[in-house]
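Colleague: Here's a structure for you.
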Amino acid sequence: MDIPSKYEPQKVENHWYDYWLQHNYFHSKPDDREPYTVVIPPPNVTGVLHMGHMLNNTIQDVLIRRARLMGKNACWVPGMDHASIATEAKVVAKLKEEGIAKSDLSREEFLKQAWDWKHKYGGVILEQLKKLGCSCDWERTAFTMDDDMSASVIKVFVDLFQKGLIYRGYRMVHWDPQAKTTLSDEEVIYEEKQGLLYYLSYPIAESKETVTIATTRPETILGDTAICINPKDERYAHLKGKKAVVPIAGRIIPIIEDDYVDIEFGTGCLKVTPAHDTNDKTLGEKHNLEIIDIFNDDASLNSHGLHYEGKDRFEVRKEIAKELEAGGFLVKTEPYINKVGTSERTKAVIEPRLSDQWFLKMEQLAQPALKAVLETQEVRLFPKKFENTYRHWMENIRDWNISRQLWWGQQIPAYYYGDGQNDFVVAETPEKALALANEALDGRGTKDRPLTLDDLKQDEDVLDTWFSSWLWPISVFNGILEPDNDEVKYYYPTNDLVTGPDIIFFWVARMIISGYEYRGERPFENVYFTGLVRDKQRRKMSKQLGNSPDALELIRSYGADGVRVGLLLSSAAGNDLMFDEDLCQQGKNFANKIWNGFRLLKGWEVADIPQPEASKLGIAWYGAKFQQALGEIENHFAKYRISDALMTIYKLVWDDYSSWLLEIIKPVYQQPIDRTSYEAVIALFEQNLKLLHPFMPFLTEEVWQHITERTPEEALIIAQWPKREAVDEKLIKGFEHASEVVSGIRTIRKEKNLPIKEALELSVLNAEKIDMDWDTVIAKLTHLSNISYVEAAAEGALSFRVKSNEYFIPISGVVNVEAEIKKINEELSYTKGFLQSVQKKLSNERFVNNAPQQVVALEKKKAADAEAKIATLEKSLANLE
RNA sequence: GGGCGCUUAGCUCAGUUGGUUUAGAGCACCUCGUUUACACCGAGGGGGUCGGGGGUUCGAAUCCCUCAGCGCCCACCA
């Protein structure tokens, strides 16, 4: 045979991917069919494929390929995210290596560098997705900074501004001193860090007294503008109205009272630094305190830091602690664990900082999105548990800080004129802005000459990356700029979104919000949250730990199909996936199993001879079994239980098809197979391939194309998903019984070392003759020369029982009577125990009266079956003794 | 500090509104097998008092309470 006995994925994967591309199967355009749309969660433009992407995109591809087979117009839109802060950080780092500081470059020069970088490294990940087999419509590849995408973002900004939902405000925001930008609340990750609680003693002005306060950040005393006590705290009553002196700075600050202060915590006395703490800011506003910002934008100290000017905050913390100690201001320190906000991207410790930023009011916008998930269920989350998380965030939603002090991204379309601070207009273009500005001046009557473009200065900041990706499902179809275009009307709303729960707020919730605001309807029907991919020891996969396998290397070793199967086999939705390469091996083994099933079929010689009865039965049974599995599979898909769907197919193909059906119809060595059976089994195999294709696209297409010559129109990728038909339960039940008989015979063969070559005889003692139909199948699978139905137990034979039937295999030589008796007794005691438990139920009047009829009937049947079996067993025992 | 979720065989997990055998699957494990698709295989087999305790019920892995352990999300306590 010229077909190799092992499937070699490396040799065929590229070929079939090119074939699919060449025939444009991935491309979609609107037509009469029902659309099925998925938009990819756009990976960062600089990203490299990791296990999370592999899982995520495999699931999307499974869904897309299945939809395609089901005759839908499947459209999977790929793309990339410009990832403002992450990309800018990378470009800055690259420039630094070349000895260039970002500040050395103009905005234009820097952006040129960034675009160069994007063109050079961007999109690597998309090429990697192709290796995985992802059937994206590559012609639609979008980038969040494409001209039309950016124009959409700007249009939305202007619109929201005009609706009064975007405002500029001087507020306490999260400052990332490394990236030198503000972040949204969601971009701050709180981490527990071991630190110290410093007890500092502040002298009271014009007295010898002191007051001790506790702080985790002694360096901020330089920005202190008050000390606060709780008015109810009697310990400090004598300090009311007095003033304190800030150590080192020597500044005199008031002692104020506010019941915000927790009497129990620390010393019950709080230092107030309005510039560097949100609560202190609130206190400051309430009590009219001075605001002293002691930091530069990189979190080194400024001139308010006195002799610490220019030094980093953490260095200052150590040094000032020493100085305070030397000056006698440090009372003591104690270890203290506190939650420190860090930047999601740069990992830098966040500083609360007051600054002018742009915000989007969320409360009103969030309402339809909240309702869609929790009330109308127009958008469904899988698994459901994320609805709680979603609800909590949406109900407590806060305004979104959308401005970033970066260059890589969409520049905020606000134009300042006049004093350059408070006078600004928001417009899509400078020209429109100019017109608006002149209008504004007219209105105020301050016009001495019309402004020109040179008088306008555009806001330096760019928008948060998520402010572009929240429009993704709409903007990829140009639905913002041309809301009535055919594409968006056809493809929107999309169907499924597959993503990680880590971006439920960043992205998912906001897309739902923008969907309702800009399309008046949901952006997608279902959201499938995958889990995190972890290693065997449950550790998160990360670059630092080096525990993340190289995705492409995995594909090389196990084949894309093997890796896909490996990933999916144990990834229940929303549960973390403990990745283990053994699973890929399992996937690879499965591919090989299917391959060899194909080899077997190809090896047969076909002849026009009568169809054996066993083959006919086997084929009919498998048809029923297939339908039964198909029903389960569709059910699993409907509930997004992708892993279970795959496992069902796995068992169907491996156990039912390969181990049972093929063995039943396999012709005797070197004999031909009858044409009827051959054609039927090919057809069944092809049905299997269809079910398998979404999971193992390469292998299945390869096999499909080799079963017989196919035109491009007959490719598997666009074949028809099997149709549901009624399941013939009788066939399934009958086969179940037959297979138990087969197992019984095989067990005896094994126990007595009877080689398969040696034909056996079987006699059956039964009342119902329920398995008579299956005689041919049983005989074929276990090599029986004869099956006879008898009225009495056979002498000198080994026996086993299935239900209430007893089976005998006469063998030459001695039958170990004792062993037989022992075996029967074990079975007997089990069955009796079982019967007892059933009878206990049945003799309970309340059970019989209260339980549903069906349940009672079932119990009665169980009892009857058990009794029949006991009778059989006892008879056998009597015969032996 | 608040909220949510999890705990079932060695591992990873199913177990759908309490009632189909005295709880299932895949992998792993053990035994046997160079049978003519596949040793990336076949046949057979062992393995769980469903985290502990209490309760509701005719009946609980499934509902309630409680304890323990784990995980996630949210939150301005210096």
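Here's how to read the names in the structure tokens: chain A, B, ... by the order shown, residue numbers from 1 in each chain, ligand numbers from 1 in the order shown.
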Kindly assemble as CSV a list of the chain B residues that lie within 8 Å of chain A, each paired with its nearest atom pair and their distance in Å to one decimal, using only C-alpha atoms (C1' of nucleotides), sorted first by chain and then by ascending residue number.

Modeller:
```
residue,atom,partner,partner_atom,distance
B:C4,C1',A:Asn388,CA,6.9
B:G5,C1',A:Lys385,CA,7.6
B:U12,C1',A:Ser570,CA,6.5
B:C13,C1',A:Ser570,CA,7.3
B:G19,C1',A:Val855,CA,6.2
B:U20,C1',A:Leu858,CA,7.0
B:U21,C1',A:Lys862,CA,7.3
B:U22,C1',A:Phe834,CA,6.1
B:G26,C1',A:Met647,CA,7.8
B:C32,C1',A:Lys750,CA,7.4
B:U35,C1',A:Ile756,CA,7.5
B:U36,C1',A:Tyr669,CA,5.6
B:A37,C1',A:Leu600,CA,4.3
B:C38,C1',A:Asn596,CA,5.2
B:C40,C1',A:Asn589,CA,4.3
B:A43,C1',A:Arg746,CA,7.2
B:G44,C1',A:Thr747,CA,6.3
B:C58,C1',A:Phe847,CA,4.0
B:G59,C1',A:Phe847,CA,7.6
B:C73,C1',A:Thr389,CA,6.5
B:C74,C1',A:His392,CA,7.7
B:C76,C1',A:Asn279,CA,5.6
B:C77,C1',A:Asp262,CA,7.5
B:A78,C1',A:Thr215,CA,5.7
```

Colleague: Any idea what's packed within 12 Å of B:G46, counting only C-alpha atoms (C1' of nucleotides), ignoring anything in its chain fewer than 3 positions away? Could you give it as a VMD selection string?

Modeller: chain B and resid 9 29 to 31

Colleague: So how far away is atom CA of A:Ile350 from atom CA of A:Gln458, in Å?

Modeller: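 Between atom CA of A:Gln458 and atom CA of A:Ile350 the gap is 27.3 Å.
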
Colleague: If you run DSSP on the backbone here, which positions in stretch 535-751 of chain A get alpha helix (DSSP H)? Please write them as number ranges by chain.

Modeller: A: 551-569, 581-603, 613-638, 642-651, 662-665, 675-692, 697-707, 729-751

Colleague: Skip A:Phe800 itself and residues of its chain fewer than 2 positions away, then list as a list in words all residues within 9 Å of it, counting only C-alpha atoms (C1' of nucleotides).

Modeller: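 The residues that qualify are Val741, Gly744, Ile745, Ile748, Leu798, Val802, Asn805, Glu806, Tyr807, Phe808, Ile809 and Ile824 of chain A.
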
Colleague: Which of these residues is nearest to A:Asp459, using only C-alpha atoms: A:Leu406, A:Ala719, A:Leu646, A:Ala237?

Modeller: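 Among the listed residues, A:Leu406 lies closest to A:Asp459.
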
Colleague: List as a VMD selection string the protein and nucleic acid residues near A:Gly531, meaning an atom at most 12 Å away when only C-alpha atoms (C1' of nucleotides) are counted, but skip any in the same chain fewer than 3 places from it.

Modeller: (chain A and resid 51 to 53 55 to 56 59 382 to 383 386 498 to 503 528 534 540 567 to 568 570 to 579) or (chain B and resid 72)

Colleague: Could you please take those selected residues and save N, CA and C atoms (P, O5', C5', C4', C3', O3' and C1' of nucleotides) as a compact mmCIF listing (two decimals), in the first residue's frame?

Modeller:
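Result file is out13.txt:
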```
# COMPACT_ATOMS: atom_id res chain seq x y z
N MET A 51 -0.50 30.89 23.90
CA MET A 51 -1.49 29.83 24.09
C MET A 51 -2.91 30.38 24.19
N GLY A 52 -3.04 31.52 24.82
CA GLY A 52 -4.36 32.12 24.94
C GLY A 52 -4.97 32.38 23.57
N HIS A 53 -4.17 32.98 22.68
CA HIS A 53 -4.65 33.22 21.32
C HIS A 53 -5.02 31.91 20.62
N LEU A 55 -6.07 29.10 21.82
CA LEU A 55 -7.34 28.56 22.31
C LEU A 55 -8.51 29.36 21.76
N ASN A 56 -8.40 30.65 21.98
CA ASN A 56 -9.40 31.60 21.58
C ASN A 56 -9.75 31.52 20.09
N ILE A 59 -11.32 28.18 18.90
CA ILE A 59 -12.77 28.14 19.15
C ILE A 59 -13.52 28.95 18.09
N PHE A 382 -21.67 33.39 28.21
CA PHE A 382 -21.34 32.00 28.55
C PHE A 382 -19.95 31.96 29.15
N PRO A 383 -19.73 31.37 30.28
CA PRO A 383 -20.76 30.86 31.17
C PRO A 383 -21.50 32.00 31.87
N PHE A 386 -20.66 35.06 34.58
CA PHE A 386 -20.09 36.38 34.34
C PHE A 386 -21.14 37.49 34.32
N VAL A 498 -15.84 35.60 20.98
CA VAL A 498 -15.06 34.68 21.80
C VAL A 498 -13.87 35.43 22.37
N THR A 499 -13.83 35.53 23.68
CA THR A 499 -12.74 36.31 24.27
C THR A 499 -12.49 35.88 25.71
N GLY A 500 -11.51 36.50 26.34
CA GLY A 500 -11.18 36.15 27.71
C GLY A 500 -11.92 37.03 28.71
N PRO A 501 -12.21 36.50 29.87
CA PRO A 501 -12.95 37.27 30.86
C PRO A 501 -12.15 38.46 31.38
N ASP A 502 -10.85 38.48 31.13
CA ASP A 502 -10.04 39.60 31.62
C ASP A 502 -10.38 40.91 30.94
N ILE A 503 -11.03 40.84 29.76
CA ILE A 503 -11.36 42.11 29.12
C ILE A 503 -12.86 42.34 29.06
N TYR A 528 -18.74 34.17 24.41
CA TYR A 528 -18.18 32.95 24.99
C TYR A 528 -16.86 33.33 25.63
N ARG A 534 -3.25 27.84 31.68
CA ARG A 534 -2.23 27.71 32.72
C ARG A 534 -1.38 26.49 32.43
N LYS A 540 -0.02 30.62 35.82
CA LYS A 540 -0.38 31.36 34.64
C LYS A 540 0.78 31.27 33.66
N LEU A 567 -6.05 21.43 22.73
CA LEU A 567 -6.51 22.60 23.47
C LEU A 567 -7.99 22.50 23.83
N LEU A 568 -8.75 21.97 22.89
CA LEU A 568 -10.20 21.95 23.11
C LEU A 568 -10.66 20.83 24.02
N SER A 570 -9.89 19.83 26.85
CA SER A 570 -10.20 20.11 28.26
C SER A 570 -10.37 21.59 28.50
N SER A 571 -11.26 22.20 27.77
CA SER A 571 -11.44 23.62 28.02
C SER A 571 -12.90 23.98 28.14
N ALA A 572 -13.47 23.57 29.24
CA ALA A 572 -14.85 23.97 29.52
C ALA A 572 -14.89 25.49 29.58
N ALA A 573 -15.95 26.08 29.07
CA ALA A 573 -16.04 27.53 28.99
C ALA A 573 -15.82 28.16 30.35
N GLY A 574 -14.98 29.19 30.37
CA GLY A 574 -14.79 29.95 31.59
C GLY A 574 -13.93 29.28 32.63
N ASN A 575 -13.63 28.01 32.43
CA ASN A 575 -12.72 27.36 33.37
C ASN A 575 -11.31 27.50 32.84
N ASP A 576 -10.39 27.70 33.75
CA ASP A 576 -9.01 27.77 33.31
C ASP A 576 -8.61 26.44 32.74
N LEU A 577 -7.72 26.51 31.79
CA LEU A 577 -7.29 25.29 31.11
C LEU A 577 -5.87 24.97 31.53
N MET A 578 -5.72 23.79 32.11
CA MET A 578 -4.38 23.36 32.51
C MET A 578 -3.74 22.72 31.29
N PHE A 579 -2.92 23.49 30.63
CA PHE A 579 -2.37 22.98 29.38
C PHE A 579 -1.28 21.95 29.63
P C B 72 -6.84 34.02 41.63
O5' C B 72 -8.16 34.68 41.05
C5' C B 72 -8.57 34.40 39.71
C4' C B 72 -9.97 34.90 39.48
C3' C B 72 -10.19 36.38 39.73
O3' C B 72 -9.77 37.18 38.63
C1' C B 72 -11.93 35.17 40.77
```

Colleague: Identify which of the residues A:Leu554, A:Leu374, A:Ile291, A:Ala437 lies closest to A:Leu49, counting only C-alpha atoms when measuring atom-to-atom distances.

Modeller: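 Smallest separation from A:Leu49 among the options: A:Leu554.
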
Colleague: At a cut-off of 12 Å, using only C-alpha atoms (C1' of nucleotides), what residues contact A:Pro247? Leave out same-chain residues fewer than 2 positions from it and give the result as a PDB file with N, CA and C atoms, in the first residue's frame.

Modeller:
```pdb
ATOM      1  N   LEU A 200       4.978  58.976  62.253  1.00  0.00           N
ATOM      2  CA  LEU A 200       5.746  60.216  62.252  1.00  0.00           C
ATOM      3  C   LEU A 200       5.171  61.193  63.262  1.00  0.00           C
ATOM      4  N   SER A 201       6.063  61.872  63.860  1.00  0.00           N
ATOM      5  CA  SER A 201       5.635  62.823  64.879  1.00  0.00           C
ATOM      6  C   SER A 201       5.765  64.242  64.335  1.00  0.00           C
ATOM      7  N   TYR A 202       4.651  64.969  64.338  1.00  0.00           N
ATOM      8  CA  TYR A 202       4.621  66.344  63.844  1.00  0.00           C
ATOM      9  C   TYR A 202       4.564  67.268  65.061  1.00  0.00           C
ATOM     10  N   PRO A 203       5.471  68.237  65.124  1.00  0.00           N
ATOM     11  CA  PRO A 203       5.372  69.204  66.234  1.00  0.00           C
ATOM     12  C   PRO A 203       4.116  70.061  66.075  1.00  0.00           C
ATOM     13  N   ILE A 204       3.541  70.433  67.205  1.00  0.00           N
ATOM     14  CA  ILE A 204       2.416  71.363  67.174  1.00  0.00           C
ATOM     15  C   ILE A 204       3.001  72.763  67.261  1.00  0.00           C
ATOM     16  N   ALA A 205       2.521  73.633  66.386  1.00  0.00           N
ATOM     17  CA  ALA A 205       3.081  74.983  66.340  1.00  0.00           C
ATOM     18  C   ALA A 205       2.874  75.694  67.671  1.00  0.00           C
ATOM     19  N   THR A 210       3.532  67.263  70.373  1.00  0.00           N
ATOM     20  CA  THR A 210       3.645  66.676  69.048  1.00  0.00           C
ATOM     21  C   THR A 210       2.396  65.828  68.812  1.00  0.00           C
ATOM     22  N   VAL A 211       2.190  65.484  67.573  1.00  0.00           N
ATOM     23  CA  VAL A 211       1.099  64.561  67.260  1.00  0.00           C
ATOM     24  C   VAL A 211       1.672  63.511  66.297  1.00  0.00           C
ATOM     25  N   THR A 212       1.286  62.273  66.542  1.00  0.00           N
ATOM     26  CA  THR A 212       1.844  61.206  65.710  1.00  0.00           C
ATOM     27  C   THR A 212       0.815  60.731  64.693  1.00  0.00           C
ATOM     28  N   ILE A 213       1.257  60.655  63.462  1.00  0.00           N
ATOM     29  CA  ILE A 213       0.380  60.133  62.417  1.00  0.00           C
ATOM     30  C   ILE A 213       1.059  58.917  61.776  1.00  0.00           C
ATOM     31  N   PRO A 218       6.033  58.141  53.512  1.00  0.00           N
ATOM     32  CA  PRO A 218       6.615  59.295  54.205  1.00  0.00           C
ATOM     33  C   PRO A 218       7.075  60.406  53.253  1.00  0.00           C
ATOM     34  N   GLU A 219       7.422  60.064  52.010  1.00  0.00           N
ATOM     35  CA  GLU A 219       7.910  61.104  51.092  1.00  0.00           C
ATOM     36  C   GLU A 219       6.842  62.137  50.771  1.00  0.00           C
ATOM     37  N   THR A 220       5.581  61.743  50.966  1.00  0.00           N
ATOM     38  CA  THR A 220       4.526  62.697  50.603  1.00  0.00           C
ATOM     39  C   THR A 220       4.283  63.758  51.667  1.00  0.00           C
ATOM     40  N   ILE A 221       4.994  63.670  52.771  1.00  0.00           N
ATOM     41  CA  ILE A 221       4.768  64.717  53.789  1.00  0.00           C
ATOM     42  C   ILE A 221       5.103  66.086  53.210  1.00  0.00           C
ATOM     43  N   LEU A 222       5.964  66.104  52.224  1.00  0.00           N
ATOM     44  CA  LEU A 222       6.347  67.379  51.626  1.00  0.00           C
ATOM     45  C   LEU A 222       5.167  68.035  50.910  1.00  0.00           C
ATOM     46  N   GLY A 223       4.143  67.227  50.654  1.00  0.00           N
ATOM     47  CA  GLY A 223       2.949  67.784  50.018  1.00  0.00           C
ATOM     48  C   GLY A 223       1.797  67.922  51.003  1.00  0.00           C
ATOM     49  N   ASP A 224       2.068  67.689  52.285  1.00  0.00           N
ATOM     50  CA  ASP A 224       1.004  67.791  53.283  1.00  0.00           C
ATOM     51  C   ASP A 224       0.490  69.221  53.387  1.00  0.00           C
ATOM     52  N   ALA A 244       0.007  72.500  62.949  1.00  0.00           N
ATOM     53  CA  ALA A 244       1.150  71.603  63.097  1.00  0.00           C
ATOM     54  C   ALA A 244       2.252  72.018  62.126  1.00  0.00           C
ATOM     55  N   VAL A 245       3.425  71.492  62.385  1.00  0.00           N
ATOM     56  CA  VAL A 245       4.553  71.830  61.512  1.00  0.00           C
ATOM     57  C   VAL A 245       4.987  70.572  60.761  1.00  0.00           C
ATOM     58  N   ALA A 249       9.947  70.065  55.891  1.00  0.00           N
ATOM     59  CA  ALA A 249       9.480  71.202  55.112  1.00  0.00           C
ATOM     60  C   ALA A 249       9.316  72.440  55.993  1.00  0.00           C
ATOM     61  N   GLY A 250       8.965  72.203  57.251  1.00  0.00           N
ATOM     62  CA  GLY A 250       8.784  73.315  58.174  1.00  0.00           C
ATOM     63  C   GLY A 250       7.507  74.109  57.920  1.00  0.00           C
ATOM     64  N   ARG A 251       6.681  73.619  57.019  1.00  0.00           N
ATOM     65  CA  ARG A 251       5.446  74.329  56.688  1.00  0.00           C
ATOM     66  C   ARG A 251       4.440  74.213  57.833  1.00  0.00           C
ATOM     67  N   ILE A 252       3.753  75.294  58.090  1.00  0.00           N
ATOM     68  CA  ILE A 252       2.722  75.284  59.126  1.00  0.00           C
ATOM     69  C   ILE A 252       1.396  74.906  58.461  1.00  0.00           C
ATOM     70  N   ILE A 253       0.775  73.885  58.998  1.00  0.00           N
ATOM     71  CA  ILE A 253      -0.477  73.440  58.375  1.00  0.00           C
ATOM     72  C   ILE A 253      -1.577  73.331  59.422  1.00  0.00           C
ATOM     73  N   LYS A 271      -2.590  62.476  57.945  1.00  0.00           N
ATOM     74  CA  LYS A 271      -1.975  63.599  57.230  1.00  0.00           C
ATOM     75  C   LYS A 271      -2.698  63.776  55.905  1.00  0.00           C
ATOM     76  N   ILE A 320      14.254  59.748  53.065  1.00  0.00           N
ATOM     77  CA  ILE A 320      13.540  60.662  53.979  1.00  0.00           C
ATOM     78  C   ILE A 320      13.252  59.959  55.295  1.00  0.00           C
ATOM     79  N   ALA A 321      13.092  58.641  55.216  1.00  0.00           N
ATOM     80  CA  ALA A 321      12.875  57.900  56.453  1.00  0.00           C
ATOM     81  C   ALA A 321      14.097  58.059  57.363  1.00  0.00           C
ATOM     82  N   GLU A 323      16.262  60.538  57.233  1.00  0.00           N
ATOM     83  CA  GLU A 323      16.355  61.923  57.704  1.00  0.00           C
ATOM     84  C   GLU A 323      15.360  62.182  58.834  1.00  0.00           C
ATOM     85  N   LEU A 324      14.182  61.593  58.696  1.00  0.00           N
ATOM     86  CA  LEU A 324      13.169  61.785  59.743  1.00  0.00           C
ATOM     87  C   LEU A 324      13.621  61.141  61.038  1.00  0.00           C
ATOM     88  N   GLU A 325      14.252  60.012  60.896  1.00  0.00           N
ATOM     89  CA  GLU A 325      14.739  59.316  62.078  1.00  0.00           C
ATOM     90  C   GLU A 325      15.820  60.151  62.757  1.00  0.00           C
ATOM     91  N   ALA A 326      16.724  60.641  61.924  1.00  0.00           N
ATOM     92  CA  ALA A 326      17.810  61.462  62.455  1.00  0.00           C
ATOM     93  C   ALA A 326      17.257  62.695  63.150  1.00  0.00           C
ATOM     94  N   GLY A 327      16.195  63.248  62.605  1.00  0.00           N
ATOM     95  CA  GLY A 327      15.622  64.451  63.188  1.00  0.00           C
ATOM     96  C   GLY A 327      14.699  64.150  64.358  1.00  0.00           C
ATOM     97  N   GLY A 328      14.555  62.876  64.674  1.00  0.00           N
ATOM     98  CA  GLY A 328      13.714  62.510  65.812  1.00  0.00           C
ATOM     99  C   GLY A 328      12.224  62.524  65.492  1.00  0.00           C
ATOM    100  N   PHE A 329      11.890  62.542  64.223  1.00  0.00           N
ATOM    101  CA  PHE A 329      10.467  62.583  63.861  1.00  0.00           C
ATOM    102  C   PHE A 329       9.857  61.195  63.669  1.00  0.00           C
ATOM    103  N   LEU A 330      10.754  60.214  63.493  1.00  0.00           N
ATOM    104  CA  LEU A 330      10.239  58.875  63.242  1.00  0.00           C
ATOM    105  C   LEU A 330      10.060  58.141  64.561  1.00  0.00           C
TER     106      LEU A 330
END
```

Colleague: If you count only C-alpha atoms (C1' of nucleotides), which residues fall within 9 Å of A:Gln411, apart from same-chain ones fewer than 3 positions away, as a list in words?

Modeller: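 The neighbour list is Ile154, Leu406, Trp407, Trp408, Ala414, Gln458, Asp459, Glu460, Asp461, Val462 and Leu463 of chain A.
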
Colleague: Those residues with C-alpha atoms, as a compact mmCIF listing (two decimals), in the first residue's frame please?

Modeller:
```txt
# COMPACT_ATOMS: atom_id res chain seq x y z
CA ILE A 154 -13.17 60.86 15.75
CA LEU A 406 0.70 59.51 24.26
CA TRP A 407 1.24 60.03 20.57
CA TRP A 408 0.37 56.63 19.13
CA ALA A 414 -10.31 69.34 20.41
CA GLN A 458 -5.08 70.71 18.72
CA ASP A 459 -5.12 68.84 22.00
CA GLU A 460 -1.87 66.92 22.35
CA ASP A 461 -3.41 63.82 23.79
CA VAL A 462 -4.64 60.70 22.07
CA LEU A 463 -7.59 58.53 22.92
```

Colleague: I need the residue nearest A:Leu692 from this list: A:Lys347, A:Arg556, A:Arg33, A:Arg564. Use only C-alpha atoms for the distance.

Modeller: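 Ranked by minimum distance to A:Leu692, first place goes to A:Arg564.
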
Colleague: Could you list, as a PyMOL selection string, every residue within 6 Å of stretch 694-709 of chain A, counting only C-alpha atoms (C1' of nucleotides) and ignoring same-chain residues fewer than 2 positions away?

Modeller: chain A and resi 13+62+65-66+561+689+692+716

Colleague: Find the residue from A:Asp423, A:Asp464, A:Glu363, A:Glu8 that sits nearest to A:Leu441; use only C-alpha atoms when measuring.

Modeller: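 When distances to A:Leu441 are compared using only C-alpha atoms, the smallest one comes from A:Asp423.
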
Colleague: Could you jot down the atom CA of A:Ala93 to atom CA of A:Pro41 separation for me, Å, one decimal place?

Modeller: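 So the answer is 25.9 Å.
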
Colleague: By how many Å are atom CA of A:Tyr622 and atom CA of A:Pro667 apart?

Modeller: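 Rounded to one decimal, the two atoms are 17.4 Å apart.
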
Colleague: For each of B:U8, B:C41, B:A68, B:U17, take the minimum atom-to-atom distance to B:G53, counting only C-alpha atoms (C1' of nucleotides), then give the residue where this is smallest.

Modeller: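 The closest residue to B:G53 is B:A68.
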
Colleague: Please give the complete set of residues from stretch 492-645 of chain A that DSSP, run on the backbone, assigns to strand (DSSP E or B), formatted as a list in words.

Modeller: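 Strand (DSSP E or B) assignments inside stretch 492-645 of chain A correspond to Thr494, Asn495, Asp496, Leu497, Val498, Thr499, Phe524, Glu525, Asn526, Val527, Tyr528, Phe529, Val533, Arg534, Lys540, Leu577, Met578, Val606 and Ala607 of chain A.
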